[in-house]
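Q: Please see the structure below; I have some questions.
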Amino acid sequence: MTKEEIRSRRAFYSDHLTEVILPYWLPKIDHKHGGFFTCYDPTGRELVSTDKYVWSQGRCTWMYSKLAHCESVNMPYAMREACTKRAEMGARYLMEHCFLPNGMCAFRLSGDNKPLELTTGSGYGVSNFADCFVALGLSAAGVLLGQIELVQKASELFHKTLHLLSCGQFRTAPDVLPNGWRSHASVMIMVNTGDELSRALRTSGLEKEAIEIDKAIVQMMEDICLHFISPTGIVHECLTADNGLLESLYGRHINPGHTNESMWFLIRAGQRLGRLDVVEKAIHTIRCTSSLAWDTEYGGMMYYLDREGGKPRGEYAPEEAALAEAAVRDWSNKLWWPHTETIYANLLCYAQTGERKFLESYQRYHNYTFDTFPNPDKTVGEWIQLRYRDGSPNLGIIGGRLPVKDPYHITRNLMLLTDLLEDIERGRKLCDNMS
């Protein structure tokens, strides 16, 4: 990969973000009640609900906060100012509407900001993922706006969520696991939230608080490496309470895009905290999973696989029926976010190792993603985020997914890719054997 190729690819990601993604999303705000609209049909043309899923509100706040001072993205001044205004609006919305009396966050709000149950009798705070994304949004906005109280609020929320995780009470809606199962997703999101929060605390001069969070991050990274990552280089999404393997269908399933996202979380946190053993294990896992998940017939990444490869298989109990049936139905569909996570994960590994296989994998997933997901209707923009196995548009909703069209993964990875390519170009992470 030559310096010219690096510059060209960095410009491509920056232009795609500012010319395709952001022009679609910047107008999607609720001027009357506050917050961001994200419930659009798959084509992006029609707003199908004014409900506000709180994790998307947190994600959008994080996204605009980061965009506002992402120097690697070549963004017009007016667009950057618009991002700053949306970050400020998002932080205010999170603080005013998203917290419940117990200090945790609601999962879903009505268009006029009333808490809604996910299902009758479930209550409002059914997902600690929402708490994590609110913490991410507040920490990023606090840094951008110089409001230390937002970072402190994010830290308070993180510690409450960490306590629930340590007690085995982390709530995982919309994918509610059977009692007694451990979730990789809950640990990985806490690693990422903690890493982002630790960086924000240090930027805000709160070193002592950051050190405490770093201790928790190390424990969670070790948990993932010791229990969830297999010797064959895949990640078990679910384990028994005592970290044993599950033999039912959903217990056996893996989610390759989720794996690669989790592993780059570990690489970034592990680098910062000097845990090169964690970094090496994550790199090995990305190498194995990216290869296993590639669809040799149609290209792209399978959504779900059995832990030994191929279509998810096995028997399942009634309490996991909805999850298992969705995994079988949707296993070979192609989603946008596993692909964007895998593009970044492989380029990050290439930057760290100089291993040509990572460059080849990065290029393969890049080509498939940008040939497949961007909306062919340029008047709408953004992406059609779900495809059938052969790459044709799928206008349904993936089983178990929220009815939202969320810009988070696309935007985050385009920012991260421009940052990484700038680092590579300037030699900050340039491997000795990279041309």
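Chain lettering (A, B, ...) mirrors the order of the structure tokens, residue numbering begins at 1 for each chain separately, and ligand numbering begins at 1 in order of display.
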Please return as a VMD selection string: the residues of segment 127-253 of chain A that backbone DSSP assigns to strand (DSSP E or B).

A: chain A and resid 127 172 181 to 183 229 235 238 to 240 253

Q: Taking the DSSP secondary structure from the backbone, can you list the residues of segment 134-341 of chain A that are helix (DSSP H, G or I), as an MDAnalysis selection string?

A: chainID A and resid 134:145 148:166 184:203 207:228 249:252 256:272 276:293 318:330 336:341

Q: Neighbouring residues of segment 23-25 of chain A were defined as those with any atom within 9 Å, considering only C-alpha atoms; residues of the same chain fewer than 6 positions away were excluded. Please report them as JSON, numbers by chain.

A: {"A": [17, 37, 38, 44, 380, 381, 382, 407]}

Q: Write the residues you've just listed into a file as a compact mmCIF listing (two decimals), in the first residue's frame, and include all heavy atoms for each of them.

A:
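Output file result36.txt is given in full below:
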```
# COMPACT_ATOMS: atom_id res chain seq x y z
N LEU A 17 -18.14 10.28 4.03
CA LEU A 17 -18.78 10.74 5.26
C LEU A 17 -19.45 12.09 5.08
O LEU A 17 -20.61 12.29 5.48
CB LEU A 17 -17.72 10.81 6.36
CG LEU A 17 -18.17 11.23 7.76
CD1 LEU A 17 -19.30 10.37 8.29
CD2 LEU A 17 -16.98 11.19 8.72
N PHE A 37 -34.25 11.78 15.22
CA PHE A 37 -35.10 10.77 14.59
C PHE A 37 -34.21 9.69 13.97
O PHE A 37 -33.26 10.00 13.24
CB PHE A 37 -35.97 11.39 13.50
CG PHE A 37 -37.05 12.29 14.02
CD1 PHE A 37 -37.23 13.57 13.49
CD2 PHE A 37 -37.91 11.87 15.02
CE1 PHE A 37 -38.24 14.40 13.95
CE2 PHE A 37 -38.93 12.70 15.49
CZ PHE A 37 -39.09 13.96 14.95
N THR A 38 -34.52 8.43 14.26
CA THR A 38 -33.76 7.33 13.64
C THR A 38 -34.66 6.21 13.12
O THR A 38 -34.14 5.25 12.53
CB THR A 38 -32.76 6.72 14.65
OG1 THR A 38 -33.46 6.22 15.79
CG2 THR A 38 -31.71 7.73 15.08
N GLY A 44 -34.60 4.70 3.68
CA GLY A 44 -34.29 6.01 4.21
C GLY A 44 -35.25 7.11 3.79
O GLY A 44 -35.07 8.27 4.15
N VAL A 380 -31.47 10.24 -2.11
CA VAL A 380 -31.70 9.92 -0.70
C VAL A 380 -30.39 9.89 0.05
O VAL A 380 -30.22 10.52 1.09
CB VAL A 380 -32.43 8.56 -0.55
CG1 VAL A 380 -32.60 8.21 0.93
CG2 VAL A 380 -33.77 8.61 -1.25
N GLY A 381 -29.41 9.15 -0.47
CA GLY A 381 -28.12 9.04 0.19
C GLY A 381 -28.11 7.96 1.26
O GLY A 381 -29.01 7.13 1.34
N GLU A 382 -27.08 7.99 2.08
CA GLU A 382 -26.87 7.01 3.14
C GLU A 382 -26.81 5.61 2.53
O GLU A 382 -26.45 5.46 1.36
CB GLU A 382 -27.95 7.14 4.22
CG GLU A 382 -27.41 7.02 5.64
CD GLU A 382 -27.63 5.64 6.23
OE1 GLU A 382 -28.48 4.89 5.75
OE2 GLU A 382 -26.92 5.33 7.19
N PRO A 407 -26.97 5.58 12.26
CA PRO A 407 -25.75 6.00 11.56
C PRO A 407 -24.46 5.66 12.30
O PRO A 407 -23.37 5.94 11.80
CB PRO A 407 -25.91 7.52 11.47
CG PRO A 407 -26.65 7.87 12.73
CD PRO A 407 -27.62 6.73 12.94
```

Q: May I ask which of the residues A:Phe170, A:Trp383, A:Tyr64, A:Tyr13 is the closest one to Gly90 of chain A, counting only C-alpha atoms?

A: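 Using only C-alpha atoms, the shortest distance to Gly90 of chain A belongs to A:Tyr64.
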
Q: Excluding His253 of chain A and residues on its chain fewer than 2 positions from it, collect all residues at most 7 Å away from it, counting only C-alpha atoms, and give them as a PyMOL selection string.

A: chain A and resi 237+249-251+255+304-307+312

Q: Generate a file of the selected residues that holds all heavy atoms, formatted as a PDB file, in the first residue's frame.

A:
```
ATOM      1  N   GLU A 237     -20.383 -16.030  21.824  1.00  0.00           N
ATOM      2  CA  GLU A 237     -21.260 -14.936  22.239  1.00  0.00           C
ATOM      3  C   GLU A 237     -21.935 -15.219  23.574  1.00  0.00           C
ATOM      4  O   GLU A 237     -22.287 -14.290  24.292  1.00  0.00           O
ATOM      5  CB  GLU A 237     -22.314 -14.658  21.163  1.00  0.00           C
ATOM      6  CG  GLU A 237     -21.785 -13.952  19.937  1.00  0.00           C
ATOM      7  CD  GLU A 237     -21.291 -12.539  20.220  1.00  0.00           C
ATOM      8  OE1 GLU A 237     -21.876 -11.855  21.088  1.00  0.00           O
ATOM      9  OE2 GLU A 237     -20.315 -12.124  19.589  1.00  0.00           O
ATOM     10  N   LEU A 249     -28.555 -24.354  20.043  1.00  0.00           N
ATOM     11  CA  LEU A 249     -28.274 -23.626  18.808  1.00  0.00           C
ATOM     12  C   LEU A 249     -27.783 -22.203  19.068  1.00  0.00           C
ATOM     13  O   LEU A 249     -26.734 -21.796  18.545  1.00  0.00           O
ATOM     14  CB  LEU A 249     -29.513 -23.608  17.907  1.00  0.00           C
ATOM     15  CG  LEU A 249     -29.302 -23.034  16.501  1.00  0.00           C
ATOM     16  CD1 LEU A 249     -30.196 -23.741  15.493  1.00  0.00           C
ATOM     17  CD2 LEU A 249     -29.567 -21.531  16.444  1.00  0.00           C
ATOM     18  N   TYR A 250     -28.536 -21.450  19.864  1.00  0.00           N
ATOM     19  CA  TYR A 250     -28.098 -20.064  20.082  1.00  0.00           C
ATOM     20  C   TYR A 250     -26.854 -20.024  20.967  1.00  0.00           C
ATOM     21  O   TYR A 250     -26.032 -19.121  20.839  1.00  0.00           O
ATOM     22  CB  TYR A 250     -29.220 -19.233  20.700  1.00  0.00           C
ATOM     23  CG  TYR A 250     -28.997 -17.741  20.513  1.00  0.00           C
ATOM     24  CD1 TYR A 250     -29.192 -17.151  19.273  1.00  0.00           C
ATOM     25  CD2 TYR A 250     -28.565 -16.949  21.569  1.00  0.00           C
ATOM     26  CE1 TYR A 250     -28.970 -15.799  19.076  1.00  0.00           C
ATOM     27  CE2 TYR A 250     -28.337 -15.584  21.388  1.00  0.00           C
ATOM     28  CZ  TYR A 250     -28.540 -15.017  20.138  1.00  0.00           C
ATOM     29  OH  TYR A 250     -28.294 -13.672  19.958  1.00  0.00           O
ATOM     30  N   GLY A 251     -26.718 -20.999  21.830  1.00  0.00           N
ATOM     31  CA  GLY A 251     -25.506 -21.072  22.637  1.00  0.00           C
ATOM     32  C   GLY A 251     -24.269 -21.341  21.813  1.00  0.00           C
ATOM     33  O   GLY A 251     -23.165 -20.928  22.177  1.00  0.00           O
ATOM     34  N   ASN A 255     -21.045 -14.467  16.131  1.00  0.00           N
ATOM     35  CA  ASN A 255     -21.402 -13.290  15.355  1.00  0.00           C
ATOM     36  C   ASN A 255     -20.091 -12.645  14.896  1.00  0.00           C
ATOM     37  O   ASN A 255     -19.478 -11.883  15.642  1.00  0.00           O
ATOM     38  CB  ASN A 255     -22.220 -12.332  16.221  1.00  0.00           C
ATOM     39  CG  ASN A 255     -22.727 -11.124  15.474  1.00  0.00           C
ATOM     40  OD1 ASN A 255     -22.072 -10.625  14.568  1.00  0.00           O
ATOM     41  ND2 ASN A 255     -23.891 -10.622  15.862  1.00  0.00           N
ATOM     42  N   TYR A 304     -24.504 -14.619  11.124  1.00  0.00           N
ATOM     43  CA  TYR A 304     -24.326 -15.596  12.188  1.00  0.00           C
ATOM     44  C   TYR A 304     -23.691 -16.856  11.619  1.00  0.00           C
ATOM     45  O   TYR A 304     -23.935 -17.213  10.465  1.00  0.00           O
ATOM     46  CB  TYR A 304     -25.668 -16.011  12.805  1.00  0.00           C
ATOM     47  CG  TYR A 304     -26.420 -14.964  13.573  1.00  0.00           C
ATOM     48  CD1 TYR A 304     -27.768 -14.719  13.309  1.00  0.00           C
ATOM     49  CD2 TYR A 304     -25.813 -14.245  14.591  1.00  0.00           C
ATOM     50  CE1 TYR A 304     -28.491 -13.779  14.029  1.00  0.00           C
ATOM     51  CE2 TYR A 304     -26.517 -13.303  15.323  1.00  0.00           C
ATOM     52  CZ  TYR A 304     -27.861 -13.077  15.034  1.00  0.00           C
ATOM     53  OH  TYR A 304     -28.572 -12.144  15.746  1.00  0.00           O
ATOM     54  N   LEU A 305     -22.914 -17.556  12.439  1.00  0.00           N
ATOM     55  CA  LEU A 305     -22.379 -18.865  12.083  1.00  0.00           C
ATOM     56  C   LEU A 305     -22.421 -19.771  13.299  1.00  0.00           C
ATOM     57  O   LEU A 305     -22.467 -19.307  14.441  1.00  0.00           O
ATOM     58  CB  LEU A 305     -20.918 -18.746  11.603  1.00  0.00           C
ATOM     59  CG  LEU A 305     -20.651 -18.001  10.297  1.00  0.00           C
ATOM     60  CD1 LEU A 305     -19.152 -17.814  10.108  1.00  0.00           C
ATOM     61  CD2 LEU A 305     -21.253 -18.746   9.108  1.00  0.00           C
ATOM     62  N   ASP A 306     -22.395 -21.081  13.043  1.00  0.00           N
ATOM     63  CA  ASP A 306     -22.109 -22.010  14.123  1.00  0.00           C
ATOM     64  C   ASP A 306     -20.648 -21.830  14.519  1.00  0.00           C
ATOM     65  O   ASP A 306     -19.817 -21.403  13.697  1.00  0.00           O
ATOM     66  CB  ASP A 306     -22.345 -23.444  13.650  1.00  0.00           C
ATOM     67  CG  ASP A 306     -22.117 -24.455  14.755  1.00  0.00           C
ATOM     68  OD1 ASP A 306     -23.025 -24.641  15.593  1.00  0.00           O
ATOM     69  OD2 ASP A 306     -21.013 -25.047  14.789  1.00  0.00           O
ATOM     70  N   ARG A 307     -20.306 -22.179  15.746  1.00  0.00           N
ATOM     71  CA  ARG A 307     -18.933 -21.957  16.202  1.00  0.00           C
ATOM     72  C   ARG A 307     -17.914 -22.813  15.448  1.00  0.00           C
ATOM     73  O   ARG A 307     -16.718 -22.510  15.463  1.00  0.00           O
ATOM     74  CB  ARG A 307     -18.831 -22.214  17.701  1.00  0.00           C
ATOM     75  CG  ARG A 307     -19.041 -23.637  18.149  1.00  0.00           C
ATOM     76  CD  ARG A 307     -19.043 -23.718  19.669  1.00  0.00           C
ATOM     77  NE  ARG A 307     -19.223 -25.075  20.159  1.00  0.00           N
ATOM     78  CZ  ARG A 307     -19.943 -25.381  21.222  1.00  0.00           C
ATOM     79  NH1 ARG A 307     -20.564 -24.421  21.902  1.00  0.00           N
ATOM     80  NH2 ARG A 307     -20.044 -26.637  21.627  1.00  0.00           N
ATOM     81  N   PRO A 312     -25.926 -21.900  11.616  1.00  0.00           N
ATOM     82  CA  PRO A 312     -26.152 -22.267  13.017  1.00  0.00           C
ATOM     83  C   PRO A 312     -26.973 -23.554  13.114  1.00  0.00           C
ATOM     84  O   PRO A 312     -27.932 -23.741  12.368  1.00  0.00           O
ATOM     85  CB  PRO A 312     -26.916 -21.067  13.577  1.00  0.00           C
ATOM     86  CG  PRO A 312     -26.494 -19.924  12.718  1.00  0.00           C
ATOM     87  CD  PRO A 312     -26.326 -20.505  11.345  1.00  0.00           C
TER      88      PRO A 312
END
```

Q: Of the residues A:Leu226, A:Ile189, A:Leu162, A:Leu266, which is the one nearest to Asn243 of chain A, using only C-alpha atoms?

A: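 Comparing A:Leu226, A:Ile189, A:Leu162, A:Leu266 against Asn243 of chain A, the winner is A:Leu226.
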
Q: Within 7 Å of Ser139 of chain A, counting only C-alpha atoms, which residues show up once you throw out same-chain ones fewer than 2 positions away? Write them as a PyMOL selection string, please.

A: chain A and resi 135-137+141-143+150-151+154+197+200

Q: Export N, CA and C atoms of the chosen residues as a PDB file, in the first residue's frame?

A:
```
ATOM      1  N   ALA A 135     -23.677   6.984  28.438  1.00  0.00           N
ATOM      2  CA  ALA A 135     -22.394   7.350  29.036  1.00  0.00           C
ATOM      3  C   ALA A 135     -21.388   7.756  27.962  1.00  0.00           C
ATOM      4  N   LEU A 136     -21.361   7.022  26.853  1.00  0.00           N
ATOM      5  CA  LEU A 136     -20.470   7.392  25.750  1.00  0.00           C
ATOM      6  C   LEU A 136     -20.803   8.783  25.223  1.00  0.00           C
ATOM      7  N   GLY A 137     -22.096   9.040  25.008  1.00  0.00           N
ATOM      8  CA  GLY A 137     -22.503  10.341  24.476  1.00  0.00           C
ATOM      9  C   GLY A 137     -22.159  11.481  25.412  1.00  0.00           C
ATOM     10  N   ALA A 141     -19.469  14.501  24.640  1.00  0.00           N
ATOM     11  CA  ALA A 141     -19.988  15.865  24.622  1.00  0.00           C
ATOM     12  C   ALA A 141     -19.330  16.708  25.699  1.00  0.00           C
ATOM     13  N   GLY A 142     -19.077  16.124  26.861  1.00  0.00           N
ATOM     14  CA  GLY A 142     -18.423  16.861  27.929  1.00  0.00           C
ATOM     15  C   GLY A 142     -17.049  17.355  27.531  1.00  0.00           C
ATOM     16  N   VAL A 143     -16.299  16.506  26.827  1.00  0.00           N
ATOM     17  CA  VAL A 143     -14.977  16.923  26.352  1.00  0.00           C
ATOM     18  C   VAL A 143     -15.105  18.028  25.315  1.00  0.00           C
ATOM     19  N   LEU A 150     -20.689  16.763  32.658  1.00  0.00           N
ATOM     20  CA  LEU A 150     -21.208  15.714  31.773  1.00  0.00           C
ATOM     21  C   LEU A 150     -20.322  14.477  31.838  1.00  0.00           C
ATOM     22  N   VAL A 151     -19.025  14.673  31.880  1.00  0.00           N
ATOM     23  CA  VAL A 151     -18.091  13.550  31.993  1.00  0.00           C
ATOM     24  C   VAL A 151     -18.282  12.856  33.338  1.00  0.00           C
ATOM     25  N   ALA A 154     -21.361  10.757  33.216  1.00  0.00           N
ATOM     26  CA  ALA A 154     -21.075   9.537  32.472  1.00  0.00           C
ATOM     27  C   ALA A 154     -20.333   8.534  33.352  1.00  0.00           C
ATOM     28  N   LEU A 197     -14.437   6.516  28.200  1.00  0.00           N
ATOM     29  CA  LEU A 197     -14.641   7.334  29.388  1.00  0.00           C
ATOM     30  C   LEU A 197     -13.315   7.657  30.065  1.00  0.00           C
ATOM     31  N   ALA A 200     -11.727  10.413  28.260  1.00  0.00           N
ATOM     32  CA  ALA A 200     -12.418  11.681  28.521  1.00  0.00           C
ATOM     33  C   ALA A 200     -12.090  12.212  29.918  1.00  0.00           C
TER      34      ALA A 200
END
```

Q: Need the shell around segment 271-284 of chain A: protein/DNA/RNA residues with any atom at most 9 Å away, counting only C-alpha atoms. Skip same-chain ones fewer than 3 positions apart. Format as a ChimeraX atom specification?

A: /A:195,214,218,221-222,225,229,233,260,262-268,287-289,345-346,348-349,352-353

Q: How would the residues just picked look written out with C-alpha atoms as a PDB file, in the first residue's frame?

A:
```
ATOM      1  CA  ASP A 195     -11.924   3.067  27.413  1.00  0.00           C
ATOM      2  CA  ASP A 214      -8.690   1.382  33.843  1.00  0.00           C
ATOM      3  CA  VAL A 218      -8.138  -4.726  32.569  1.00  0.00           C
ATOM      4  CA  MET A 221     -10.324  -7.652  28.943  1.00  0.00           C
ATOM      5  CA  GLU A 222      -8.862 -10.595  30.843  1.00  0.00           C
ATOM      6  CA  CYS A 225      -9.448 -13.357  26.641  1.00  0.00           C
ATOM      7  CA  ILE A 229     -12.081 -16.279  23.022  1.00  0.00           C
ATOM      8  CA  GLY A 233      -9.750 -17.791  17.121  1.00  0.00           C
ATOM      9  CA  ASN A 260     -14.125  -8.117  15.105  1.00  0.00           C
ATOM     10  CA  SER A 262     -14.908  -6.462  20.188  1.00  0.00           C
ATOM     11  CA  MET A 263     -11.342  -7.290  19.194  1.00  0.00           C
ATOM     12  CA  TRP A 264     -10.510  -3.803  17.988  1.00  0.00           C
ATOM     13  CA  PHE A 265     -11.911  -2.543  21.290  1.00  0.00           C
ATOM     14  CA  LEU A 266      -9.343  -4.786  22.975  1.00  0.00           C
ATOM     15  CA  ILE A 267      -6.539  -3.645  20.678  1.00  0.00           C
ATOM     16  CA  ARG A 268      -7.128   0.042  21.378  1.00  0.00           C
ATOM     17  CA  ARG A 287      -7.331 -12.969  11.479  1.00  0.00           C
ATOM     18  CA  CYS A 288      -9.222 -16.227  12.099  1.00  0.00           C
ATOM     19  CA  THR A 289     -12.741 -14.811  12.223  1.00  0.00           C
ATOM     20  CA  ALA A 345     -10.372  -4.177  12.382  1.00  0.00           C
ATOM     21  CA  ASN A 346      -8.294  -5.567   9.519  1.00  0.00           C
ATOM     22  CA  LEU A 348      -5.829  -1.736  12.312  1.00  0.00           C
ATOM     23  CA  CYS A 349      -4.208  -5.174  12.424  1.00  0.00           C
ATOM     24  CA  GLN A 352       0.156  -3.098  13.830  1.00  0.00           C
ATOM     25  CA  THR A 353       1.700  -6.142  12.151  1.00  0.00           C
TER      26      THR A 353
END
```

Q: Neighbours of segment 408-421 of chain A within 7 Å (only C-alpha atoms; same-chain residues fewer than 4 positions away dropped), as a ChimeraX atom specification?

A: /A:6,10,13-14,17,59-60,63,72-73,337,340-341,344,425

Q: Quick one: of A:Tyr316, A:Tyr365, A:Trp331, A:Trp294, who's nearest to Leu347 of chain A, counting only C-alpha atoms?

A: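 Comparing A:Tyr316, A:Tyr365, A:Trp331, A:Trp294 against Leu347 of chain A, the winner is A:Tyr365.
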
Q: Using only C-alpha atoms, which of the listed residues (A:Thr50, A:Ser186, A:Thr342, A:Ser155) sits closest to Lys28 of chain A?

A: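 Ranked by minimum distance to Lys28 of chain A, first place goes to A:Thr50.
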
Q: Taking into account only C-alpha atoms, which residue in the set A:Val134, A:Ile424, A:Val404, A:Cys70 is nearest to Cys39 of chain A?

A: A:Val404

Q: Compare A:His69, A:Arg199, A:His97, A:Lys357 by their minimum atom-to-atom distance to Leu144 of chain A, counting only C-alpha atoms, and give me the closest one.

A: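 Among A:His69, A:Arg199, A:His97, A:Lys357, it is A:His69 that comes nearest to Leu144 of chain A.
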
Q: Expressed in Å to a single decimal, how great is the separation between atom CA of Ile234 of chain A and atom CA of Leu164 of chain A?

A: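 Between atom CA of Ile234 of chain A and atom CA of Leu164 of chain A the gap works out to 26.3 Å.
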